[in-house]
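Participant: Contents of entry_39.cif (mmCIF, C-alpha atoms, pLDDT in the B column; chains and numbers go by the auth columns):
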data_run
loop_
_atom_site.group_PDB
_atom_site.id
_atom_site.type_symbol
_atom_site.label_atom_id
_atom_site.label_comp_id
_atom_site.label_asym_id
_atom_site.label_seq_id
_atom_site.Cartn_x
_atom_site.Cartn_y
_atom_site.Cartn_z
_atom_site.B_iso_or_equiv
_atom_site.auth_seq_id
_atom_site.auth_asym_id
ATOM 1 C CA MET A 1 -123.433 84.651 -24.870 54.00 252 A
ATOM 2 C CA ALA A 2 -123.007 88.272 -25.890 48.00 253 A
ATOM 3 C CA THR A 3 -119.228 87.953 -25.610 53.00 254 A
ATOM 4 C CA THR A 4 -119.259 84.908 -27.892 58.00 255 A
ATOM 5 C CA ALA A 5 -121.359 86.738 -30.452 51.00 256 A
ATOM 6 C CA ILE A 6 -119.061 89.764 -30.370 56.00 257 A
ATOM 7 C CA THR A 7 -115.988 87.532 -30.693 57.00 258 A
ATOM 8 C CA GLN A 8 -117.504 85.777 -33.694 57.00 259 A
ATOM 9 C CA ALA A 9 -118.369 89.124 -35.263 52.00 260 A
ATOM 10 C CA ILE A 10 -114.820 90.383 -34.770 55.00 261 A
ATOM 11 C CA SER A 11 -113.423 87.145 -36.203 59.00 262 A
ATOM 12 C CA SER A 12 -115.597 87.444 -39.287 53.00 263 A
ATOM 13 C CA VAL A 13 -114.583 91.067 -39.803 55.00 264 A
ATOM 14 C CA THR A 14 -110.936 90.172 -39.321 53.00 265 A
ATOM 15 C CA SER A 15 -111.066 87.314 -41.785 55.00 266 A
ATOM 16 C CA ALA A 16 -112.679 89.628 -44.309 48.00 267 A
ATOM 17 C CA ILE A 17 -110.128 92.414 -43.961 50.00 268 A
ATOM 18 C CA SER A 18 -106.915 90.481 -43.366 48.00 269 A
ATOM 19 C CA THR A 19 -106.757 88.258 -46.421 46.00 270 A
ATOM 20 C CA VAL A 20 -103.016 88.114 -46.879 42.00 271 A
ATOM 21 C CA THR A 21 -101.432 85.948 -49.555 38.00 272 A
ATOM 22 C CA SER A 22 -98.737 83.416 -48.739 46.00 273 A
ATOM 23 C CA PRO A 23 -95.874 84.206 -48.784 53.00 274 A
ATOM 24 C CA PHE A 24 -96.589 87.403 -46.821 57.00 275 A
ATOM 25 C CA SER A 25 -96.980 90.496 -48.990 70.00 276 A
ATOM 26 C CA VAL A 26 -96.565 93.887 -47.328 70.00 277 A
ATOM 27 C CA GLU A 27 -98.228 95.632 -50.253 75.00 278 A
ATOM 28 C CA GLN A 28 -101.237 93.317 -50.124 75.00 279 A
ATOM 29 C CA PHE A 29 -101.572 93.735 -46.372 70.00 280 A
ATOM 30 C CA GLN A 30 -101.393 97.533 -46.642 73.00 281 A
ATOM 31 C CA SER A 31 -104.057 97.452 -49.312 77.00 282 A
ATOM 32 C CA ASP A 32 -106.294 95.226 -47.175 75.00 283 A
ATOM 33 C CA VAL A 33 -106.106 97.428 -44.076 78.00 284 A
ATOM 34 C CA LEU A 34 -106.053 100.850 -45.771 83.00 285 A
ATOM 35 C CA TRP A 35 -109.715 101.435 -44.970 85.00 286 A
ATOM 36 C CA ILE A 36 -109.004 100.692 -41.303 83.00 287 A
ATOM 37 C CA LEU A 37 -106.290 103.354 -41.275 84.00 288 A
ATOM 38 C CA ILE A 38 -108.568 105.945 -42.900 87.00 289 A
ATOM 39 C CA THR A 39 -111.408 105.111 -40.514 88.00 290 A
ATOM 40 C CA GLY A 40 -108.985 105.379 -37.613 87.00 291 A
ATOM 41 C CA PHE A 41 -107.976 108.903 -38.608 89.00 292 A
ATOM 42 C CA ILE A 42 -111.613 110.001 -38.760 91.00 293 A
ATOM 43 C CA ILE A 43 -112.453 108.463 -35.387 91.00 294 A
ATOM 44 C CA ALA A 44 -109.274 109.968 -33.889 89.00 295 A
ATOM 45 C CA PHE A 45 -110.519 113.451 -34.832 90.00 296 A
ATOM 46 C CA ILE A 46 -113.891 112.678 -33.224 89.00 297 A
ATOM 47 C CA LEU A 47 -112.104 111.444 -30.095 89.00 298 A
ATOM 48 C CA ALA A 48 -109.961 114.590 -29.998 86.00 299 A
ATOM 49 C CA PHE A 49 -113.108 116.727 -30.240 88.00 300 A
ATOM 50 C CA ALA A 50 -114.707 114.760 -27.403 88.00 301 A
ATOM 51 C CA VAL A 51 -111.616 115.146 -25.207 85.00 302 A
ATOM 52 C CA GLY A 52 -111.489 118.861 -25.955 81.00 303 A
ATOM 53 C CA ALA A 53 -115.171 119.271 -25.149 81.00 304 A
ATOM 54 C CA ASN A 54 -114.970 117.474 -21.809 83.00 305 A
ATOM 55 C CA ASP A 55 -111.541 116.621 -20.463 76.00 306 A
ATOM 56 C CA VAL A 56 -109.869 119.971 -21.185 75.00 307 A
ATOM 57 C CA ALA A 57 -112.698 121.697 -19.342 76.00 308 A
ATOM 58 C CA ASN A 58 -111.613 119.815 -16.217 75.00 309 A
ATOM 59 C CA SER A 59 -108.295 121.663 -16.347 77.00 310 A
ATOM 60 C CA PHE A 60 -109.661 125.161 -16.925 81.00 311 A
ATOM 61 C CA GLY A 61 -113.193 124.980 -15.515 80.00 312 A
ATOM 62 C CA THR A 62 -112.214 126.172 -12.041 82.00 313 A
ATOM 63 C CA THR A 63 -110.086 129.010 -13.402 85.00 314 A
ATOM 64 C CA VAL A 64 -112.799 130.253 -15.744 86.00 315 A
ATOM 65 C CA GLY A 65 -115.475 129.811 -13.065 86.00 316 A
ATOM 66 C CA ALA A 66 -113.447 131.900 -10.628 87.00 317 A
ATOM 67 C CA GLY A 67 -113.079 134.659 -13.202 86.00 318 A
ATOM 68 C CA THR A 68 -109.278 134.423 -13.283 86.00 319 A
ATOM 69 C CA LEU A 69 -109.387 133.735 -17.013 87.00 320 A
ATOM 70 C CA THR A 70 -112.036 134.470 -19.582 89.00 321 A
ATOM 71 C CA LEU A 71 -113.359 131.627 -21.713 86.00 322 A
ATOM 72 C CA LYS A 72 -111.471 133.011 -24.721 89.00 323 A
ATOM 73 C CA GLN A 73 -108.191 133.202 -22.792 90.00 324 A
ATOM 74 C CA ALA A 74 -108.678 129.648 -21.512 87.00 325 A
ATOM 75 C CA CYS A 75 -109.289 128.358 -25.047 85.00 326 A
ATOM 76 C CA ILE A 76 -106.119 130.086 -26.295 89.00 327 A
ATOM 77 C CA LEU A 77 -103.996 128.753 -23.434 88.00 328 A
ATOM 78 C CA ALA A 78 -105.479 125.272 -23.780 83.00 329 A
ATOM 79 C CA SER A 79 -104.760 125.251 -27.527 84.00 330 A
ATOM 80 C CA ILE A 80 -101.129 126.172 -26.923 89.00 331 A
ATOM 81 C CA PHE A 81 -100.266 124.020 -23.947 86.00 332 A
ATOM 82 C CA GLU A 82 -102.399 120.991 -24.799 80.00 333 A
ATOM 83 C CA THR A 83 -100.632 120.916 -28.171 84.00 334 A
ATOM 84 C CA LEU A 84 -97.217 121.241 -26.501 87.00 335 A
ATOM 85 C CA GLY A 85 -98.127 118.472 -24.073 83.00 336 A
ATOM 86 C CA ALA A 86 -99.191 116.190 -26.900 80.00 337 A
ATOM 87 C CA ILE A 87 -95.969 116.876 -28.827 86.00 338 A
ATOM 88 C CA LEU A 88 -93.562 116.602 -25.886 86.00 339 A
ATOM 89 C CA LEU A 89 -95.221 113.855 -23.833 80.00 340 A
ATOM 90 C CA GLY A 90 -97.815 112.311 -26.120 77.00 341 A
ATOM 91 C CA ALA A 91 -95.512 109.637 -27.560 76.00 342 A
ATOM 92 C CA LYS A 92 -94.748 108.116 -24.159 76.00 343 A
ATOM 93 C CA VAL A 93 -98.366 108.190 -23.051 73.00 344 A
ATOM 94 C CA GLY A 94 -99.411 106.756 -26.407 73.00 345 A
ATOM 95 C CA ALA A 95 -96.850 103.960 -26.086 72.00 346 A
ATOM 96 C CA THR A 96 -98.313 102.999 -22.709 70.00 347 A
ATOM 97 C CA ILE A 97 -101.828 102.933 -24.114 71.00 348 A
ATOM 98 C CA ARG A 98 -100.697 101.097 -27.243 67.00 349 A
ATOM 99 C CA LYS A 99 -98.367 98.474 -25.748 69.00 350 A
ATOM 100 C CA GLY A 100 -98.379 98.745 -21.966 75.00 351 A
ATOM 101 C CA ILE A 101 -101.988 97.894 -21.167 83.00 352 A
ATOM 102 C CA ILE A 102 -102.423 94.966 -23.542 82.00 353 A
ATOM 103 C CA ASP A 103 -100.015 92.305 -24.756 80.00 354 A
ATOM 104 C CA VAL A 104 -99.607 93.119 -28.449 80.00 355 A
ATOM 105 C CA ASP A 105 -97.404 90.055 -29.008 80.00 356 A
ATOM 106 C CA ILE A 106 -100.407 87.751 -28.895 84.00 357 A
ATOM 107 C CA TYR A 107 -101.755 89.568 -31.955 82.00 358 A
ATOM 108 C CA HIS A 108 -98.879 88.323 -34.113 81.00 359 A
ATOM 109 C CA GLY A 109 -100.530 87.227 -37.332 79.00 360 A
ATOM 110 C CA GLN A 110 -103.706 89.040 -36.259 81.00 361 A
ATOM 111 C CA GLU A 111 -102.580 92.602 -36.897 78.00 362 A
ATOM 112 C CA ALA A 112 -105.872 93.520 -38.553 81.00 363 A
ATOM 113 C CA LEU A 113 -107.761 92.343 -35.464 85.00 364 A
ATOM 114 C CA LEU A 114 -105.565 94.572 -33.288 84.00 365 A
ATOM 115 C CA MET A 115 -106.207 97.542 -35.569 85.00 366 A
ATOM 116 C CA VAL A 116 -109.968 96.987 -35.515 86.00 367 A
ATOM 117 C CA GLY A 117 -109.848 96.606 -31.731 86.00 368 A
ATOM 118 C CA GLU A 118 -107.941 99.854 -31.235 87.00 369 A
ATOM 119 C CA ILE A 119 -110.389 101.693 -33.488 89.00 370 A
ATOM 120 C CA SER A 120 -113.266 100.212 -31.491 90.00 371 A
ATOM 121 C CA ALA A 121 -111.640 101.471 -28.296 90.00 372 A
ATOM 122 C CA MET A 122 -111.234 104.977 -29.732 90.00 373 A
ATOM 123 C CA PHE A 123 -114.827 105.017 -30.954 92.00 374 A
ATOM 124 C CA ALA A 124 -116.209 103.794 -27.624 92.00 375 A
ATOM 125 C CA SER A 125 -114.112 106.294 -25.661 91.00 376 A
ATOM 126 C CA GLY A 126 -115.118 109.190 -27.914 91.00 377 A
ATOM 127 C CA LEU A 127 -118.797 108.233 -27.864 93.00 378 A
ATOM 128 C CA TRP A 128 -118.861 107.972 -24.068 93.00 379 A
ATOM 129 C CA GLN A 129 -117.160 111.346 -23.651 91.00 380 A
ATOM 130 C CA LEU A 130 -119.595 112.993 -26.074 92.00 381 A
ATOM 131 C CA ILE A 131 -122.530 111.506 -24.163 93.00 382 A
ATOM 132 C CA ALA A 132 -121.014 112.636 -20.861 91.00 383 A
ATOM 133 C CA THR A 133 -120.470 116.137 -22.238 89.00 384 A
ATOM 134 C CA PHE A 134 -124.089 116.282 -23.421 90.00 385 A
ATOM 135 C CA LEU A 135 -125.172 115.258 -19.915 90.00 386 A
ATOM 136 C CA LYS A 136 -122.746 117.825 -18.402 85.00 387 A
ATOM 137 C CA LEU A 137 -120.728 115.130 -16.637 85.00 388 A
ATOM 138 C CA PRO A 138 -116.981 115.737 -16.197 83.00 389 A
ATOM 139 C CA VAL A 139 -115.180 112.492 -17.018 85.00 390 A
ATOM 140 C CA SER A 140 -111.597 111.457 -17.637 84.00 391 A
ATOM 141 C CA GLY A 141 -110.412 110.870 -21.179 83.00 392 A
ATOM 142 C CA THR A 142 -107.591 108.701 -19.847 82.00 393 A
ATOM 143 C CA HIS A 143 -109.944 106.493 -17.856 85.00 394 A
ATOM 144 C CA SER A 144 -112.195 106.167 -20.900 88.00 395 A
ATOM 145 C CA ILE A 145 -109.536 105.057 -23.384 87.00 396 A
ATOM 146 C CA VAL A 146 -107.853 102.734 -20.857 87.00 397 A
ATOM 147 C CA GLY A 147 -111.158 101.053 -20.038 88.00 398 A
ATOM 148 C CA ALA A 148 -112.104 100.742 -23.696 89.00 399 A
ATOM 149 C CA THR A 149 -108.716 99.238 -24.593 88.00 400 A
ATOM 150 C CA VAL A 150 -108.951 96.669 -21.802 89.00 401 A
ATOM 151 C CA GLY A 151 -112.526 95.906 -22.880 89.00 402 A
ATOM 152 C CA PHE A 152 -111.691 95.075 -26.485 89.00 403 A
ATOM 153 C CA SER A 153 -108.700 92.961 -25.423 88.00 404 A
ATOM 154 C CA LEU A 154 -110.843 90.969 -22.989 90.00 405 A
ATOM 155 C CA VAL A 155 -113.303 90.248 -25.796 88.00 406 A
ATOM 156 C CA ALA A 156 -110.571 89.371 -28.308 86.00 407 A
ATOM 157 C CA HIS A 157 -108.252 87.219 -26.164 86.00 408 A
ATOM 158 C CA GLY A 158 -109.646 87.089 -22.651 85.00 409 A
ATOM 159 C CA ALA A 159 -107.732 87.889 -19.485 85.00 410 A
ATOM 160 C CA ILE A 160 -104.373 86.779 -20.930 86.00 411 A
ATOM 161 C CA GLY A 161 -104.431 89.707 -23.334 82.00 412 A
ATOM 162 C CA VAL A 162 -104.221 92.319 -20.554 86.00 413 A
ATOM 163 C CA ASN A 163 -101.045 93.414 -18.778 85.00 414 A
ATOM 164 C CA TRP A 164 -102.535 93.352 -15.284 87.00 415 A
ATOM 165 C CA LEU A 165 -99.375 94.630 -13.580 85.00 416 A
ATOM 166 C CA LYS A 166 -99.302 97.764 -15.725 83.00 417 A
ATOM 167 C CA MET A 167 -103.060 98.085 -15.342 85.00 418 A
ATOM 168 C CA GLY A 168 -102.683 97.925 -11.566 86.00 419 A
ATOM 169 C CA LEU A 169 -100.088 100.703 -11.619 86.00 420 A
ATOM 170 C CA ILE A 170 -102.355 102.865 -13.763 84.00 421 A
ATOM 171 C CA VAL A 171 -105.332 102.353 -11.450 85.00 422 A
ATOM 172 C CA ALA A 172 -103.128 103.055 -8.419 89.00 423 A
ATOM 173 C CA SER A 173 -102.074 106.350 -10.000 85.00 424 A
ATOM 174 C CA TRP A 174 -105.735 107.359 -10.221 84.00 425 A
ATOM 175 C CA PHE A 175 -105.938 107.189 -6.436 89.00 426 A
ATOM 176 C CA LEU A 176 -102.465 108.556 -5.715 91.00 427 A
ATOM 177 C CA SER A 177 -102.755 111.587 -8.004 88.00 428 A
ATOM 178 C CA PRO A 178 -105.446 113.457 -6.016 89.00 429 A
ATOM 179 C CA LEU A 179 -103.686 112.604 -2.751 93.00 430 A
ATOM 180 C CA LEU A 180 -100.335 113.895 -3.994 94.00 431 A
ATOM 181 C CA ALA A 181 -101.935 116.954 -5.593 92.00 432 A
ATOM 182 C CA GLY A 182 -103.798 117.736 -2.391 93.00 433 A
ATOM 183 C CA GLY A 183 -100.634 117.361 -0.317 95.00 434 A
ATOM 184 C CA MET A 184 -98.639 119.599 -2.633 95.00 435 A
ATOM 185 C CA ALA A 185 -101.418 122.217 -2.638 93.00 436 A
ATOM 186 C CA ALA A 186 -101.537 122.194 1.173 94.00 437 A
ATOM 187 C CA ALA A 187 -97.746 122.516 1.412 94.00 438 A
ATOM 188 C CA PHE A 188 -97.731 125.359 -1.116 93.00 439 A
ATOM 189 C CA TYR A 189 -100.489 127.157 0.772 93.00 440 A
ATOM 190 C CA VAL A 190 -98.598 126.864 4.076 93.00 441 A
ATOM 191 C CA LEU A 191 -95.489 128.224 2.366 91.00 442 A
ATOM 192 C CA LEU A 192 -97.412 131.220 1.001 90.00 443 A
ATOM 193 C CA ARG A 193 -99.027 131.884 4.363 90.00 444 A
ATOM 194 C CA VAL A 194 -95.696 131.860 6.206 88.00 445 A
ATOM 195 C CA LEU A 195 -93.680 133.802 3.629 88.00 446 A
ATOM 196 C CA ILE A 196 -96.351 136.299 2.513 88.00 447 A
ATOM 197 C CA PHE A 197 -99.708 136.421 4.289 87.00 448 A
ATOM 198 C CA GLN A 198 -98.358 136.560 7.848 85.00 449 A
ATOM 199 C CA LYS A 199 -95.834 139.291 7.104 84.00 450 A
ATOM 200 C CA ASP A 200 -96.440 142.787 8.425 82.00 451 A
ATOM 201 C CA ASP A 201 -96.224 144.117 4.875 85.00 452 A
ATOM 202 C CA PRO A 202 -97.324 141.237 2.607 83.00 453 A
ATOM 203 C CA VAL A 203 -97.367 143.338 -0.585 84.00 454 A
ATOM 204 C CA TYR A 204 -93.592 143.376 -1.140 84.00 455 A
ATOM 205 C CA PRO A 205 -92.945 139.629 -0.626 82.00 456 A
ATOM 206 C CA GLY A 206 -96.112 138.934 -2.582 83.00 457 A
ATOM 207 C CA LEU A 207 -94.779 140.858 -5.565 83.00 458 A
ATOM 208 C CA ILE A 208 -91.498 138.984 -5.331 81.00 459 A
#
Would you give me this structure, written as structure tokens?
Facilitator:
Amino acid sequence: MATTAITQAISSVTSAISTVTSPFSVEQFQSDVLWILITGFIIAFILAFAVGANDVANSFGTTVGAGTLTLKQACILASIFETLGAILLGAKVGATIRKGIIDVDIYHGQEALLMVGEISAMFASGLWQLIATFLKLPVSGTHSIVGATVGFSLVAHGAIGVNWLKMGLIVASWFLSPLLAGGMAAAFYVLLRVLIFQKDDPVYPGLI
């Protein structure tokens, strides 16, 4: 019942914002969806703030808590390397979120609906992360945006709108990542113990 109501609401919004003359006019379409683009930029900044407030803390929380870095140093390093990560790797990650999780081909002729859906996903992800931050809950920005994207696609086109194979690989990576990270950390620790800590004079190999 709720899904039907939401679908009808989305359809009414789409019909209101995607009035495109026939034959197709690029200029008319751009004019119709300009407000969606502007709204998307605003929500994207809110989402970025939410990710910075919560998800980035997951990366540096342990380091700051251990006293290895001060909060100021962590903020400076995060600003530099999070920006580099977004520039160097953001396009590929964004392409997966944009086209890998959902089947964008089924939105042919419904581009405005896709735009509204993506904005809804960004808003939902940002809102959840802000709530989680307020409640002092560490959550994953990736999990949030993936779940929100799948959610809007299920409402818009049902199960056929989701790339379940890609979704399965993404979910599998959520379980494999901590296992691989733990294994690598254990191997690195053993290497340090053998090459440094168990030496008669650990200072010299430690400096190297």
Participant: Expanded to explicit residues, what is the PyMOL selection byres ((chain A and resi 403) around 8) for this file, as an mmCIF file with C-alpha atoms, keeping the file's coordinate frame?
Facilitator:
data_model
loop_
_atom_site.group_PDB
_atom_site.id
_atom_site.type_symbol
_atom_site.label_atom_id
_atom_site.label_comp_id
_atom_site.auth_asym_id
_atom_site.auth_seq_id
_atom_site.Cartn_x
_atom_site.Cartn_y
_atom_site.Cartn_z
ATOM 1 C CA GLY A 368 -109.848 96.606 -31.731
ATOM 2 C CA GLU A 369 -107.941 99.854 -31.235
ATOM 3 C CA SER A 371 -113.266 100.212 -31.491
ATOM 4 C CA ALA A 372 -111.640 101.471 -28.296
ATOM 5 C CA ALA A 399 -112.104 100.742 -23.696
ATOM 6 C CA THR A 400 -108.716 99.238 -24.593
ATOM 7 C CA VAL A 401 -108.951 96.669 -21.802
ATOM 8 C CA GLY A 402 -112.526 95.906 -22.880
ATOM 9 C CA SER A 404 -108.700 92.961 -25.423
ATOM 10 C CA LEU A 405 -110.843 90.969 -22.989
ATOM 11 C CA VAL A 406 -113.303 90.248 -25.796
ATOM 12 C CA ALA A 407 -110.571 89.371 -28.308
#
Participant: Figure out the distance between atom CA of A:Ile352 and atom CA of A:Ala410, please, to one decimal in Å.
Facilitator: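 If I compute the distance from atom CA of A:Ala410 to atom CA of A:Ile352, I get 11.7 Å.
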Participant: Using Å and a single decimal, report how far atom CA of A:Gly392 sits from atom CA of A:Leu288.
Facilitator: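 Going from atom CA of A:Leu288 over to atom CA of A:Gly392 covers 21.8 Å.
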Participant: For A:Gly419, list every protein, DNA or RNA residue within 12 Å, evaluated using all atoms listed in the file, and leave out those in the same chain fewer than 6 positions away; present the list as a short mmCIF file (atom, residue, chain, number, x, y, z; two decimals) with C-alpha atoms, keeping the file's coordinate frame.
Facilitator:
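This went into result_11.cif:
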data_model
loop_
_atom_site.label_atom_id
_atom_site.label_comp_id
_atom_site.auth_asym_id
_atom_site.auth_seq_id
_atom_site.Cartn_x
_atom_site.Cartn_y
_atom_site.Cartn_z
CA GLY A 351 -98.38 98.74 -21.97
CA ILE A 352 -101.99 97.89 -21.17
CA VAL A 397 -107.85 102.73 -20.86
CA VAL A 413 -104.22 92.32 -20.55
CA TRP A 425 -105.74 107.36 -10.22
CA PHE A 426 -105.94 107.19 -6.44
#
Participant: Using only C-alpha atoms, which protein or nucleic acid residues come within 12 Å of A:Thr313? Drop anything in the same chain fewer than 6 positions from it, and give the result as a PyMOL selection string.
Facilitator: chain A and resi 307+319-322+325
Participant: How many Å lie between atom CA of A:Ala432 and atom CA of A:Thr314, rounded to one decimal?
Facilitator: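 Between atom CA of A:Ala432 and atom CA of A:Thr314 the gap works out to 16.5 Å.
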Participant: Would you pick out the contacts of A:Ser395 at 12 Å or less, using only C-alpha atoms, so that residues sharing its chain but fewer than 5 positions from it are not included, and give the list as a list in words?
Facilitator: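 Using only C-alpha atoms, the neighbours found are Leu298, Ala301, Val302, Asn305, Asp306, Ile348, Ala372, Met373, Phe374, Ala375, Ser376, Gly377, Leu378, Trp379, Gln380, Leu381, Ala383, Pro389, Val390, Thr400, Val401 and Gly402 of chain A.
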Participant: Identify which of the residues A:Tyr440, A:Ile396, A:Leu340, A:Glu362 lies closest to A:Val284, counting only C-alpha atoms when measuring atom-to-atom distances.
Facilitator: A:Glu362
Participant: Kindly list the centre and edge lengths in Å, rounded to one decimal, for the axis-aligned box that covers all listed atoms of stretch 410-425 of chain A plus 6 Å on each of its six sides, as lines of an AutoDock Vina configuration file.
Facilitator:
center_x = -103.5
center_y = 97.1
center_z = -15.9
size_x = 20.4
size_y = 32.6
size_z = 26.9
Participant: Taking all atoms listed in the file into account, which of A:Asn414, A:Leu365, A:Ser428, A:Ile370 comes nearest A:Gly291?
Facilitator: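 For A:Gly291, the nearest of the given residues is A:Ile370.
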Participant: Report as a list in words the full result of the PyMOL selection byres ((chain A and resi 457) around 10) when it is applied to this structure.
Facilitator: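 Output of the PyMOL selection byres ((chain A and resi 457) around 10): Leu443, Leu446, Ile447, Phe448, Lys450, Asp452, Pro453, Val454, Tyr455, Pro456, Leu458 and Ile459 of chain A.
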Participant: Nearest residue to A:Leu420 out of A:Ile327, A:Leu335, A:Thr347, A:Gly316, using all atoms listed in the file?
Facilitator: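 Among A:Ile327, A:Leu335, A:Thr347, A:Gly316, it is A:Thr347 that comes nearest to A:Leu420.
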Participant: Atoms are missing here; could stretch 333-352 of chain A be completed with N, CA and C atoms and written as a tab-separated table (two decimals), in the coordinates of the input?
Facilitator:
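This is the output file out07.tsv:
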chain	number	residue	atom	x	y	z
A	333	GLU	N	-101.98	122.35	-24.51
A	333	GLU	CA	-102.40	120.99	-24.80
A	333	GLU	C	-101.64	120.45	-26.01
A	334	THR	N	-101.41	121.33	-27.00
A	334	THR	CA	-100.63	120.92	-28.17
A	334	THR	C	-99.19	120.62	-27.79
A	335	LEU	N	-98.59	121.49	-26.96
A	335	LEU	CA	-97.22	121.24	-26.50
A	335	LEU	C	-97.14	119.94	-25.70
A	336	GLY	N	-98.11	119.70	-24.85
A	336	GLY	CA	-98.13	118.47	-24.07
A	336	GLY	C	-98.22	117.24	-24.95
A	337	ALA	N	-99.06	117.32	-25.99
A	337	ALA	CA	-99.19	116.19	-26.90
A	337	ALA	C	-97.89	115.93	-27.66
A	338	ILE	N	-97.21	117.03	-28.06
A	338	ILE	CA	-95.97	116.88	-28.83
A	338	ILE	C	-94.84	116.35	-27.94
A	339	LEU	N	-94.70	116.93	-26.75
A	339	LEU	CA	-93.56	116.60	-25.89
A	339	LEU	C	-93.76	115.30	-25.10
A	340	LEU	N	-94.98	115.01	-24.69
A	340	LEU	CA	-95.22	113.86	-23.83
A	340	LEU	C	-96.17	112.83	-24.44
A	341	GLY	N	-96.79	113.19	-25.54
A	341	GLY	CA	-97.82	112.31	-26.12
A	341	GLY	C	-97.29	110.95	-26.55
A	342	ALA	N	-96.05	110.90	-27.07
A	342	ALA	CA	-95.51	109.64	-27.56
A	342	ALA	C	-95.39	108.61	-26.44
A	343	LYS	N	-94.92	109.05	-25.27
A	343	LYS	CA	-94.75	108.12	-24.16
A	343	LYS	C	-96.09	107.64	-23.63
A	344	VAL	N	-97.03	108.57	-23.51
A	344	VAL	CA	-98.37	108.19	-23.05
A	344	VAL	C	-99.02	107.26	-24.07
A	345	GLY	N	-98.85	107.60	-25.36
A	345	GLY	CA	-99.41	106.76	-26.41
A	345	GLY	C	-98.81	105.36	-26.41
A	346	ALA	N	-97.50	105.27	-26.13
A	346	ALA	CA	-96.85	103.96	-26.09
A	346	ALA	C	-97.41	103.11	-24.96
A	347	THR	N	-97.72	103.74	-23.83
A	347	THR	CA	-98.31	103.00	-22.71
A	347	THR	C	-99.69	102.49	-23.07
A	348	ILE	N	-100.49	103.35	-23.70
A	348	ILE	CA	-101.83	102.93	-24.11
A	348	ILE	C	-101.75	101.85	-25.18
A	349	ARG	N	-100.79	102.01	-26.09
A	349	ARG	CA	-100.70	101.10	-27.24
A	349	ARG	C	-100.11	99.74	-26.88
A	350	LYS	N	-99.07	99.72	-26.03
A	350	LYS	CA	-98.37	98.47	-25.75
A	350	LYS	C	-98.34	98.09	-24.28
A	351	GLY	N	-98.53	99.05	-23.38
A	351	GLY	CA	-98.38	98.74	-21.97
A	351	GLY	C	-99.58	98.06	-21.35
A	352	ILE	N	-100.78	98.43	-21.79
A	352	ILE	CA	-101.99	97.89	-21.17
A	352	ILE	C	-102.29	96.49	-21.68
